[in-house]
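Everything below belongs to upload_39.cif, which stores mmCIF, C-alpha atoms.
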```cif
data_start
loop_
_atom_site.label_atom_id
_atom_site.label_comp_id
_atom_site.auth_asym_id
_atom_site.auth_seq_id
_atom_site.Cartn_x
_atom_site.Cartn_y
_atom_site.Cartn_z
CA MET A 1 43.93 -40.10 29.62
CA LYS A 2 42.03 -42.76 27.68
CA HIS A 3 38.79 -40.79 28.08
CA LEU A 4 40.47 -37.55 27.11
CA LYS A 5 41.76 -39.05 23.87
CA LEU A 6 38.34 -40.49 23.12
CA ALA A 7 36.65 -37.11 23.69
CA PHE A 8 39.01 -35.24 21.40
CA MET A 9 38.77 -37.86 18.66
CA ALA A 10 34.98 -37.46 18.70
CA LEU A 11 35.36 -33.71 18.64
CA LEU A 12 37.57 -33.92 15.58
CA LEU A 13 34.92 -36.01 13.86
CA VAL A 14 32.30 -33.33 14.50
CA ILE A 15 34.67 -30.61 13.30
CA GLY A 16 35.24 -32.58 10.12
CA PHE A 17 31.50 -32.67 9.36
CA THR A 18 31.14 -29.96 6.72
CA ASN A 19 27.81 -30.64 5.02
CA ILE A 20 25.69 -28.46 7.34
CA ASN A 21 25.20 -25.27 5.31
CA ALA A 22 26.78 -21.97 5.21
CA GLN A 23 28.10 -18.57 11.64
CA ASP A 24 26.79 -15.43 9.45
CA ASN A 25 26.49 -14.48 5.78
CA ASN A 26 30.08 -13.36 5.38
CA ASN A 27 31.82 -15.74 7.81
CA PRO A 28 29.94 -19.02 8.17
CA TRP A 29 32.59 -20.78 10.25
CA ALA A 30 33.60 -19.95 13.82
CA ILE A 31 36.15 -21.46 16.20
CA GLY A 32 36.56 -20.59 19.86
CA PHE A 33 38.96 -21.33 22.64
CA GLY A 34 39.01 -20.35 26.29
CA VAL A 35 38.44 -21.55 29.82
CA ASN A 36 35.54 -23.32 31.47
CA ALA A 37 34.33 -23.62 35.07
CA VAL A 38 32.12 -26.43 36.41
CA ASP A 39 29.75 -25.72 39.30
CA PHE A 40 27.73 -28.53 40.95
CA TYR A 41 26.44 -26.48 43.90
CA PRO A 42 23.25 -24.63 42.76
CA THR A 43 21.56 -27.51 40.92
CA ASN A 44 21.10 -30.29 43.48
CA PRO A 45 19.05 -29.02 46.44
CA GLY A 46 18.43 -32.53 47.80
CA LEU A 47 22.07 -33.51 48.18
CA ALA A 48 24.37 -32.86 51.11
CA GLY A 49 26.68 -29.93 50.53
CA HIS A 50 24.52 -28.51 47.77
CA GLY A 51 22.34 -25.42 47.68
CA SER A 52 18.93 -24.68 46.20
CA TRP A 53 18.55 -23.86 42.54
CA PHE A 54 20.71 -20.89 41.52
CA ASN A 55 21.82 -20.37 45.14
CA GLU A 56 25.27 -18.68 45.16
CA PHE A 57 25.18 -18.93 41.37
CA GLY A 58 28.17 -16.62 40.91
CA ASN A 59 30.27 -17.79 43.89
CA ALA A 60 33.37 -18.72 41.87
CA SER A 61 35.80 -18.83 44.80
CA ASP A 62 33.83 -21.47 46.72
CA HIS A 63 32.21 -23.61 44.05
CA TYR A 64 33.84 -23.19 40.63
CA ASN A 65 36.20 -25.89 39.36
CA MET A 66 38.77 -24.44 36.95
CA ILE A 67 42.25 -25.10 35.57
CA PRO A 68 44.66 -22.30 34.60
CA ALA A 69 44.88 -23.22 30.93
CA ILE A 70 42.88 -23.32 27.73
CA SER A 71 40.25 -25.86 28.61
CA LYS A 72 37.49 -25.48 26.01
CA LEU A 73 37.41 -25.60 22.21
CA THR A 74 34.39 -24.96 19.94
CA VAL A 75 33.69 -25.19 16.26
CA GLY A 76 30.52 -23.79 14.75
CA LYS A 77 28.87 -23.30 11.39
CA TYR A 78 26.02 -21.02 10.35
CA LEU A 79 22.85 -22.78 9.18
CA ALA A 80 20.16 -20.25 8.23
CA ASP A 81 17.77 -17.65 9.64
CA GLY A 82 19.85 -17.05 12.77
CA PHE A 83 20.48 -20.73 13.51
CA SER A 84 23.95 -22.29 13.74
CA PHE A 85 25.41 -25.60 14.88
CA GLU A 86 28.24 -25.82 17.39
CA ALA A 87 30.43 -28.66 18.64
CA ALA A 88 32.32 -28.13 21.90
CA GLY A 89 34.94 -30.08 23.83
CA ALA A 90 36.13 -29.26 27.35
CA ILE A 91 38.49 -30.62 30.02
CA ASN A 92 38.66 -29.77 33.70
CA LYS A 93 39.74 -30.97 37.15
CA ILE A 94 37.04 -31.38 39.79
CA SER A 95 38.02 -30.73 43.41
CA GLU A 96 34.69 -29.37 44.68
CA VAL A 97 31.31 -31.05 44.22
CA GLY A 98 29.18 -28.44 45.88
CA ASP A 99 30.72 -27.89 49.31
CA ASN A 100 32.18 -31.40 49.26
CA SER A 101 35.90 -31.70 48.60
CA VAL A 102 37.00 -34.56 46.38
CA SER A 103 40.25 -35.83 45.00
CA ASP A 104 41.09 -34.21 41.73
CA LEU A 105 38.75 -35.96 39.30
CA SER A 106 39.25 -35.73 35.58
CA TYR A 107 36.35 -34.06 33.77
CA PHE A 108 35.80 -34.32 30.01
CA SER A 109 32.80 -33.29 27.94
CA LEU A 110 31.83 -33.38 24.31
CA ASP A 111 28.67 -31.50 23.32
CA GLY A 112 26.70 -30.54 20.24
CA ALA A 113 24.12 -27.74 20.17
CA VAL A 114 21.90 -25.71 17.90
CA LYS A 115 22.22 -21.98 18.66
CA TYR A 116 19.75 -19.23 17.85
CA ASP A 117 20.89 -15.63 17.47
CA LEU A 118 18.56 -13.41 19.55
CA ASN A 119 19.39 -10.42 17.35
CA ASN A 120 16.78 -11.88 15.02
CA VAL A 121 14.21 -11.08 17.72
CA VAL A 122 15.52 -7.95 19.46
CA GLY A 123 17.09 -6.33 16.39
CA ASN A 124 20.68 -6.19 15.23
CA THR A 125 22.89 -4.70 17.96
CA ALA A 126 26.11 -5.02 15.91
CA TRP A 127 28.83 -5.67 18.49
CA PHE A 128 26.52 -7.36 21.04
CA ASP A 129 25.30 -10.75 19.87
CA PRO A 130 23.24 -12.71 22.46
CA TYR A 131 22.05 -16.26 21.80
CA VAL A 132 20.35 -19.30 23.28
CA SER A 133 21.23 -22.89 22.56
CA VAL A 134 19.90 -26.36 23.16
CA GLY A 135 21.56 -29.71 22.56
CA GLY A 136 23.13 -32.75 24.13
CA GLY A 137 26.44 -34.45 24.75
CA TYR A 138 28.43 -36.83 26.85
CA THR A 139 30.39 -36.14 30.03
CA TRP A 140 33.06 -38.23 31.76
CA LEU A 141 34.05 -37.86 35.40
CA ASP A 142 36.95 -40.20 36.06
CA ASN A 143 35.50 -43.68 35.48
CA TRP A 144 31.92 -42.55 35.19
CA GLY A 145 30.23 -41.37 31.98
CA THR A 146 26.75 -40.08 31.20
CA GLY A 147 24.74 -38.49 28.45
CA THR A 148 23.52 -34.96 29.09
CA PHE A 149 20.74 -32.70 27.90
CA ASN A 150 22.03 -29.13 27.68
CA GLY A 151 20.56 -25.64 27.56
CA ALA A 152 22.64 -22.48 27.44
CA LEU A 153 22.48 -18.71 27.33
CA GLY A 154 25.44 -16.75 26.05
CA ALA A 155 26.67 -13.76 24.12
CA ASN A 156 29.47 -12.74 21.77
CA PHE A 157 31.01 -9.29 22.03
CA TRP A 158 32.59 -8.56 18.63
CA PHE A 159 35.68 -6.38 18.43
CA ASN A 160 35.49 -6.42 14.62
CA ASP A 161 33.96 -8.54 11.86
CA ASN A 162 36.01 -11.61 12.80
CA ILE A 163 37.16 -11.57 16.45
CA GLY A 164 35.13 -11.34 19.63
CA LEU A 165 34.77 -12.35 23.25
CA ASN A 166 32.40 -15.18 24.12
CA ILE A 167 30.78 -15.86 27.48
CA GLU A 168 28.31 -18.65 28.17
CA SER A 169 26.47 -20.43 30.98
CA LYS A 170 25.28 -23.93 30.16
CA TYR A 171 23.06 -26.16 32.27
CA LYS A 172 23.82 -29.87 31.86
CA HIS A 173 21.19 -32.37 32.95
CA THR A 174 22.79 -35.78 33.50
CA PHE A 175 21.36 -39.29 33.30
CA GLU A 176 23.91 -41.09 35.57
CA SER A 177 23.47 -40.67 39.33
CA ASN A 178 27.21 -40.72 40.01
CA ILE A 179 27.55 -37.55 37.90
CA VAL A 180 24.98 -35.03 39.05
CA GLN A 181 23.57 -32.18 36.98
CA HIS A 182 25.67 -29.03 36.96
CA PHE A 183 26.47 -25.72 35.32
CA GLN A 184 29.40 -25.24 33.00
CA HIS A 185 30.44 -21.61 32.54
CA SER A 186 32.95 -20.52 29.93
CA ALA A 187 34.73 -17.50 28.52
CA GLY A 188 37.03 -17.22 25.56
CA VAL A 189 37.92 -15.83 22.18
CA MET A 190 35.70 -16.41 19.14
CA ILE A 191 37.01 -16.20 15.59
CA LYS A 192 34.74 -16.14 12.50
CA PHE A 193 36.03 -16.98 9.02
CA GLY A 194 35.21 -18.59 5.68
CA GLY A 195 33.75 -15.89 3.46
CA THR A 196 31.38 -16.97 0.67
CA ASP A 197 30.26 -15.75 -2.72
CA THR A 198 26.55 -16.50 -2.69
CA ASP A 199 25.74 -15.05 -6.10
CA GLY A 200 28.82 -16.39 -7.87
CA ASP A 201 29.93 -13.04 -9.22
CA LYS A 202 33.52 -13.45 -7.88
CA VAL A 203 32.92 -10.75 -5.27
CA PHE A 204 32.83 -12.30 -1.79
CA ASP A 205 29.72 -11.58 0.24
CA LYS A 206 31.60 -9.57 2.88
CA ASP A 207 32.66 -7.15 0.14
CA ASP A 208 29.58 -7.53 -2.05
CA ALA A 209 27.08 -4.68 -1.82
CA CYS A 210 24.54 -7.02 -3.49
CA PRO A 211 25.51 -10.49 -2.21
CA ASP A 212 22.39 -12.26 -3.46
CA VAL A 213 22.41 -10.82 -7.00
CA PHE A 214 25.03 -11.46 -9.67
CA GLY A 215 26.78 -8.17 -10.37
CA LEU A 216 29.93 -6.48 -11.56
CA ALA A 217 33.17 -5.90 -9.68
CA GLU A 218 33.23 -2.21 -10.71
CA PHE A 219 29.90 -1.77 -8.95
CA ASN A 220 30.95 -3.66 -5.78
CA GLY A 221 29.09 -6.75 -6.90
CA CYS A 222 25.84 -5.00 -7.81
CA PRO A 223 24.11 -5.33 -11.20
CA ASP A 224 23.39 -2.73 -13.87
CA SER A 225 20.67 -4.50 -15.86
CA ASP A 226 20.15 -1.77 -18.47
CA ASN A 227 23.87 -0.95 -18.91
CA ASP A 228 23.35 2.77 -18.40
CA GLY A 229 26.19 3.08 -15.88
CA ILE A 230 23.82 3.32 -12.89
CA VAL A 231 23.55 0.33 -10.56
CA ASP A 232 20.09 -1.13 -10.20
CA SER A 233 19.86 -0.24 -6.51
CA LYS A 234 20.24 3.45 -7.42
CA ASP A 235 18.41 3.23 -10.74
CA ALA A 236 14.77 4.28 -10.56
CA CYS A 237 14.26 2.54 -13.93
CA PRO A 238 16.60 -0.49 -13.72
CA THR A 239 15.34 -2.25 -16.86
CA VAL A 240 15.35 0.78 -19.20
CA ALA A 241 18.47 2.78 -20.02
CA GLY A 242 18.19 6.38 -18.89
CA LEU A 243 20.00 9.49 -17.73
CA ALA A 244 22.07 9.91 -14.58
CA ALA A 245 20.42 13.30 -14.01
CA LEU A 246 17.06 11.50 -13.84
CA ASN A 247 18.23 8.61 -11.62
CA GLY A 248 18.61 6.29 -14.58
CA CYS A 249 15.19 6.91 -16.14
CA PRO A 250 14.52 7.95 -19.77
CA ASP A 251 12.82 11.17 -20.90
CA ALA A 252 11.51 10.65 -24.45
CA ASP A 253 10.04 14.14 -24.93
CA GLY A 254 12.93 16.00 -23.27
CA ASP A 255 10.78 17.99 -20.87
CA GLY A 256 12.90 17.05 -17.82
CA ILE A 257 10.27 14.66 -16.45
CA THR A 258 11.01 10.95 -16.50
CA ASP A 259 8.77 8.85 -18.69
CA LYS A 260 7.55 6.81 -15.70
CA ASP A 261 6.32 10.00 -14.02
CA ASP A 262 5.22 11.73 -17.24
CA ALA A 263 1.49 11.55 -17.92
CA CYS A 264 2.28 12.57 -21.51
CA PRO A 265 5.68 10.94 -22.19
CA ASN A 266 5.68 11.80 -25.91
CA GLU A 267 4.54 15.42 -25.62
CA LYS A 268 6.66 18.10 -24.02
CA GLY A 269 4.90 19.55 -21.03
CA THR A 270 5.45 21.15 -17.65
CA LYS A 271 6.15 19.73 -14.20
CA GLU A 272 3.02 21.28 -12.69
CA ASN A 273 0.97 19.42 -15.32
CA ASN A 274 2.80 16.09 -14.78
CA GLY A 275 4.59 16.46 -18.11
CA CYS A 276 1.52 17.32 -20.21
CA PRO A 277 1.06 20.46 -22.36
CA ASP A 278 -1.63 23.11 -21.75
CA THR A 279 -1.71 25.15 -24.95
CA ASP A 280 -4.35 27.69 -23.88
CA GLY A 281 -3.01 28.03 -20.32
CA ASP A 282 -6.36 27.40 -18.66
CA THR A 283 -4.92 24.72 -16.28
CA VAL A 284 -6.76 21.96 -18.19
CA VAL A 285 -4.15 19.87 -20.02
CA ASP A 286 -4.70 19.42 -23.72
CA LYS A 287 -5.56 15.73 -23.58
CA PHE A 288 -8.50 16.51 -21.26
CA ASP A 289 -9.38 19.90 -22.82
CA ALA A 290 -12.38 19.89 -25.16
CA CYS A 291 -11.22 23.32 -26.39
CA PRO A 292 -7.38 23.09 -26.22
CA THR A 293 -6.75 26.38 -28.04
CA VAL A 294 -9.37 28.46 -26.21
CA ALA A 295 -9.14 29.05 -22.46
CA GLY A 296 -12.03 27.84 -20.38
CA PRO A 297 -12.80 26.57 -16.88
CA ALA A 298 -12.12 22.99 -15.81
CA ALA A 299 -15.77 22.65 -14.80
CA ASN A 300 -16.67 22.98 -18.50
CA LYS A 301 -13.89 20.68 -19.80
CA GLY A 302 -11.64 23.61 -20.66
CA CYS A 303 -14.20 25.39 -22.86
CA PRO A 304 -15.72 28.86 -22.28
CA TRP A 305 -19.20 28.87 -20.81
CA PRO A 306 -21.89 29.63 -23.45
CA ASP A 307 -23.94 32.86 -23.43
CA THR A 308 -26.92 32.08 -25.66
CA ASP A 309 -28.60 35.48 -25.47
CA GLY A 310 -25.32 37.43 -25.61
CA ASP A 311 -26.12 39.56 -22.60
CA GLY A 312 -22.75 38.99 -20.89
CA VAL A 313 -24.21 36.57 -18.36
CA VAL A 314 -23.14 32.98 -19.07
CA ASP A 315 -25.91 30.46 -19.40
CA LYS A 316 -25.08 28.62 -16.16
CA GLU A 317 -25.64 31.86 -14.23
CA ASP A 318 -28.37 33.28 -16.49
CA ASN A 319 -31.90 32.83 -15.20
CA CYS A 320 -33.20 33.84 -18.62
CA ILE A 321 -30.96 32.08 -21.15
CA ASP A 322 -32.94 33.08 -24.25
CA VAL A 323 -33.72 36.68 -23.27
CA ALA A 324 -31.07 39.34 -22.72
CA GLY A 325 -30.95 41.00 -19.35
CA PRO A 326 -28.51 42.84 -17.09
CA VAL A 327 -26.04 41.13 -14.77
CA SER A 328 -27.72 42.87 -11.84
CA ASN A 329 -30.88 40.88 -12.58
CA ASN A 330 -29.10 37.54 -13.23
CA GLY A 331 -29.44 37.91 -17.00
CA CYS A 332 -33.21 38.48 -16.99
CA PRO A 333 -34.96 41.60 -18.33
CA GLU A 334 -36.19 44.02 -15.65
CA ILE A 335 -39.84 45.00 -15.49
CA THR A 336 -40.41 48.64 -16.38
CA LYS A 337 -42.16 51.23 -14.26
CA VAL A 338 -44.80 51.51 -16.94
CA GLU A 339 -45.62 47.80 -16.73
CA VAL A 340 -45.62 47.90 -12.93
CA ALA A 341 -48.14 50.74 -13.11
CA LYS A 342 -50.17 48.72 -15.62
CA LEU A 343 -50.28 45.76 -13.22
CA GLU A 344 -51.39 47.97 -10.37
CA GLU A 345 -54.14 49.39 -12.57
CA LEU A 346 -55.33 45.94 -13.66
CA PHE A 347 -55.52 44.70 -10.08
CA LYS A 348 -57.76 47.64 -9.13
CA THR A 349 -60.57 45.99 -11.08
CA VAL A 350 -60.25 42.57 -9.41
CA TYR A 351 -63.22 42.13 -7.07
CA PHE A 352 -64.97 39.49 -4.95
CA ASP A 353 -68.52 38.95 -3.72
CA THR A 354 -69.31 39.67 -0.10
CA GLY A 355 -68.02 36.92 2.19
CA LYS A 356 -66.48 34.90 -0.64
CA THR A 357 -63.03 34.15 -2.04
CA THR A 358 -64.34 33.45 -5.56
CA LEU A 359 -63.13 35.80 -8.24
CA LYS A 360 -65.82 37.68 -10.15
CA LYS A 361 -65.92 36.73 -13.82
CA GLU A 362 -65.33 40.28 -14.94
CA SER A 363 -61.99 40.21 -13.05
CA LEU A 364 -60.53 37.30 -15.03
CA THR A 365 -59.80 39.40 -18.11
CA GLN A 366 -57.65 41.76 -16.06
CA LEU A 367 -55.79 38.84 -14.42
CA ASP A 368 -55.15 37.22 -17.83
CA GLU A 369 -53.53 40.44 -19.03
CA ALA A 370 -51.56 40.71 -15.77
CA SER A 371 -50.24 37.14 -16.13
CA GLN A 372 -48.92 37.94 -19.62
CA ILE A 373 -46.83 40.77 -18.15
CA MET A 374 -45.60 38.73 -15.18
CA THR A 375 -44.47 35.74 -17.27
CA LYS A 376 -42.22 38.06 -19.33
CA TYR A 377 -40.15 38.80 -16.24
CA LYS A 378 -39.11 35.50 -14.72
CA SER A 379 -37.04 37.05 -11.96
CA ALA A 380 -39.61 39.64 -10.83
CA LYS A 381 -41.13 38.95 -7.41
CA PHE A 382 -44.61 40.18 -6.54
CA ALA A 383 -46.60 40.55 -3.33
CA ILE A 384 -50.32 39.84 -3.66
CA GLU A 385 -52.21 41.52 -0.81
CA GLY A 386 -55.86 40.69 -0.04
CA TYR A 387 -58.35 43.04 1.68
CA THR A 388 -62.02 42.96 2.80
CA ASP A 389 -64.74 45.42 3.72
CA SER A 390 -65.76 45.92 7.33
CA VAL A 391 -68.75 43.59 7.24
CA GLY A 392 -68.19 40.73 9.70
CA GLY A 393 -65.66 40.27 12.48
CA PRO A 394 -61.94 41.11 12.15
CA LYS A 395 -60.79 37.49 12.49
CA LEU A 396 -63.18 36.27 9.82
CA ASN A 397 -62.19 39.12 7.53
CA LEU A 398 -58.48 38.34 7.98
CA GLU A 399 -59.08 34.72 6.96
CA LEU A 400 -61.26 35.90 4.07
CA SER A 401 -58.56 38.29 2.80
CA GLU A 402 -55.98 35.51 3.00
CA GLY A 403 -58.22 33.28 0.90
CA ARG A 404 -58.76 36.02 -1.68
CA ALA A 405 -55.03 36.67 -2.05
CA ASN A 406 -54.42 32.96 -2.56
CA SER A 407 -57.27 32.74 -5.09
CA VAL A 408 -55.51 35.35 -7.20
CA LYS A 409 -52.17 33.59 -6.80
CA GLU A 410 -53.65 30.24 -7.85
CA TYR A 411 -55.24 31.79 -10.91
CA LEU A 412 -52.01 33.49 -11.99
CA VAL A 413 -50.06 30.25 -11.48
CA SER A 414 -52.59 28.45 -13.69
CA LYS A 415 -51.72 31.00 -16.38
CA GLY A 416 -47.98 30.25 -16.25
CA VAL A 417 -46.67 32.60 -13.56
CA SER A 418 -44.10 30.89 -11.34
CA ALA A 419 -45.49 30.24 -7.85
CA SER A 420 -42.05 31.06 -6.38
CA ASN A 421 -42.41 34.60 -7.75
CA LEU A 422 -45.69 35.23 -5.91
CA ASN A 423 -46.28 35.78 -2.20
CA ALA A 424 -49.93 35.97 -1.14
CA LYS A 425 -50.99 37.50 2.20
CA GLY A 426 -54.26 38.78 3.69
CA PHE A 427 -54.67 42.02 5.69
CA GLY A 428 -58.40 41.87 6.52
CA GLU A 429 -60.12 45.25 7.00
CA GLU A 430 -56.85 47.23 6.98
CA ASN A 431 -56.11 50.02 4.52
CA PRO A 432 -59.61 50.61 3.05
CA ILE A 433 -59.57 52.59 -0.21
CA ALA A 434 -63.22 53.67 0.06
CA THR A 435 -65.90 54.15 2.70
CA ASN A 436 -67.47 51.06 4.25
CA MET A 437 -70.67 53.07 4.85
CA ASN A 438 -72.27 52.20 1.51
CA LYS A 439 -72.45 49.31 -0.90
CA ALA A 440 -70.26 50.88 -3.58
CA GLY A 441 -67.46 51.70 -1.14
CA ARG A 442 -67.50 48.24 0.40
CA ALA A 443 -67.25 46.67 -3.07
CA LYS A 444 -64.04 48.63 -3.72
CA ASN A 445 -62.60 47.54 -0.39
CA ARG A 446 -63.10 43.87 -1.32
CA ARG A 447 -59.97 43.82 -3.43
CA VAL A 448 -56.53 42.39 -4.11
CA GLU A 449 -53.49 44.57 -4.83
CA VAL A 450 -50.15 43.70 -6.42
CA LYS A 451 -46.77 45.18 -5.49
CA LEU A 452 -43.35 44.67 -7.05
CA VAL A 453 -41.01 43.26 -4.40
CA ASN A 454 -37.82 43.46 -6.49
#
```

Target format structure tokens, applied to this file:
Amino acid sequence: MKHLKLAFMALLLVIGFTNINAQDNNNPWAIGFGVNAVDFYPTNPGLAGHGSWFNEFGNASDHYNMIPAISKLTVGKYLADGFSFEAAGAINKISEVGDNSVSDLSYFSLDGAVKYDLNNVVGNTAWFDPYVSVGGGYTWLDNWGTGTFNGALGANFWFNDNIGLNIESKYKHTFESNIVQHFQHSAGVMIKFGGTDTDGDKVFDKDDACPDVFGLAEFNGCPDSDNDGIVDSKDACPTVAGLAALNGCPDADGDGITDKDDACPNEKGTKENNGCPDTDGDTVVDKFDACPTVAGPAANKGCPWPDTDGDGVVDKEDNCIDVAGPVSNNGCPEITKVEVAKLEELFKTVYFDTGKTTLKKESLTQLDEASQIMTKYKSAKFAIEGYTDSVGGPKLNLELSEGRANSVKEYLVSKGVSASNLNAKGFGEENPIATNMNKAGRAKNRRVEVKLVN
């Protein structure tokens, strides 16, 4: 009994140690009581009457030492971040050391351990609260005593916020050969208590919806920083007084859009424009609209596209900005039949020397006049077709006609006609307009013609 008294006096000293820190946030303290069972069998494979590690681990009827009474007491206190400290005292009677029967030996233990709540790793499972612990203690077996290094795995099964069932298996490694290492299993009731008021607002944490922030009792311990009657946790604008209909946010211009979401908080606007006005209804809000009272496309900063020549084709789509023309011709004037006929007539007097691509001097006057007509119609496309007489071979004449057509094109381009409006092609001896039997006829066949493509 001397050892028993000593164990419980030490236990009371540990229980009296209160400067550890606030079991969980609402109930930092926990006490437990229950029964314990000591099993020497599956931890000492080298000793007679003992099995290998974990052999017959759950064989309570053959190896467990128990007494039919409350035989274990624990006191614990929450530290932080899932860690808590626990002191435990236990008594027992040992009649089986493995398979070896012994006289009833008195067993006392006093242990301290740091426990870690595995819910911090696996996620909060509410009623199921597994843990691991590591620590040390001292164990007496009749007249022998030894220090122990302990490791345990256990779980609490909570019936409510304060009461639960605890089960635990603890391995105790001993340092005295007369007391061999063993398992100590236990089961009992766990009670949590000792609510706290972390934020000092006179609302205990277990009832405080905002336990870490000073608040008001009428809001379950939560603050209302801007005093608008909406708690900060539900207030989208907690530092500025606002309207309940807008989740606590203000609306200075009264357009139904909170100032924090209103791109124009001082001008009444519409939701589709993020609270900004659009006076002319062109989908470009006034603050970005260069012409806020006249509708225009966004691509032109809300202004109408200009139409310099007033032909109904806006400048960006008008190929002839300064000259009026129909929409069908992209705003450019269309060449008349009379001018097309004039071009055809002028090209009839464009000639080349035999076997050459060089324009005759007397043809340049006609081409100058033709270029003046062509440059007036910037969208008109022309085909320049070159021909030869029958002198020479067909292949040579085809190449020659190609060269003549390109000579005309190059000359017209040099006079300001757009190259993209001209397509030059040679046709060789095809389509003669006169006989190739005499000099005069062959001269006429050495020609270039122009045709309006569109």

> the PyMOL selection byres ((chain A and resi 356) around 10) on the file shown: which residues, as a ChimeraX atom specification?
Replying inline: /A:352-355,357-360,388,400-401,403-404,446

> With only C-alpha atoms as the atoms that count, which of A:Ala244, A:Cys320, A:Ile31, A:Ala295 lies nearest to A:Gly194?
Replying inline: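 Under the stated criterion, the closest residue is A:Ile31.
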
> Skipping near chain neighbours, those fewer than 3 positions away, what residues fall within 10 Å of A:Glu345 using only C-alpha atoms, listed as number ranges by chain?
Replying inline: A: 339-342, 348-350, 366, 370, 449-450

>> Env of A:Asp311: 9 Å cut, atoms = all atoms listed in the file, seq-sep filter 6 positions within chain, self excluded. Answer as a list in words.
In response: Val323, Ala324, Gly325, Pro326, Val327 and Gly331 of chain A

>> Can you translate the PyMOL selection byres ((chain A and resi 112) around 10) into the concrete residues it hits in this file, as a list in words?
In response: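 For this structure, the PyMOL selection byres ((chain A and resi 112) around 10) resolves to Leu11, Val14, Thr74, Val75, Gly76, Phe85, Glu86, Ala87, Ala88, Gly89, Leu110, Asp111, Ala113, Val114, Lys115, Ser133, Val134, Gly135, Gly136, Gly137, Tyr138, Phe149 and Asn150 of chain A.
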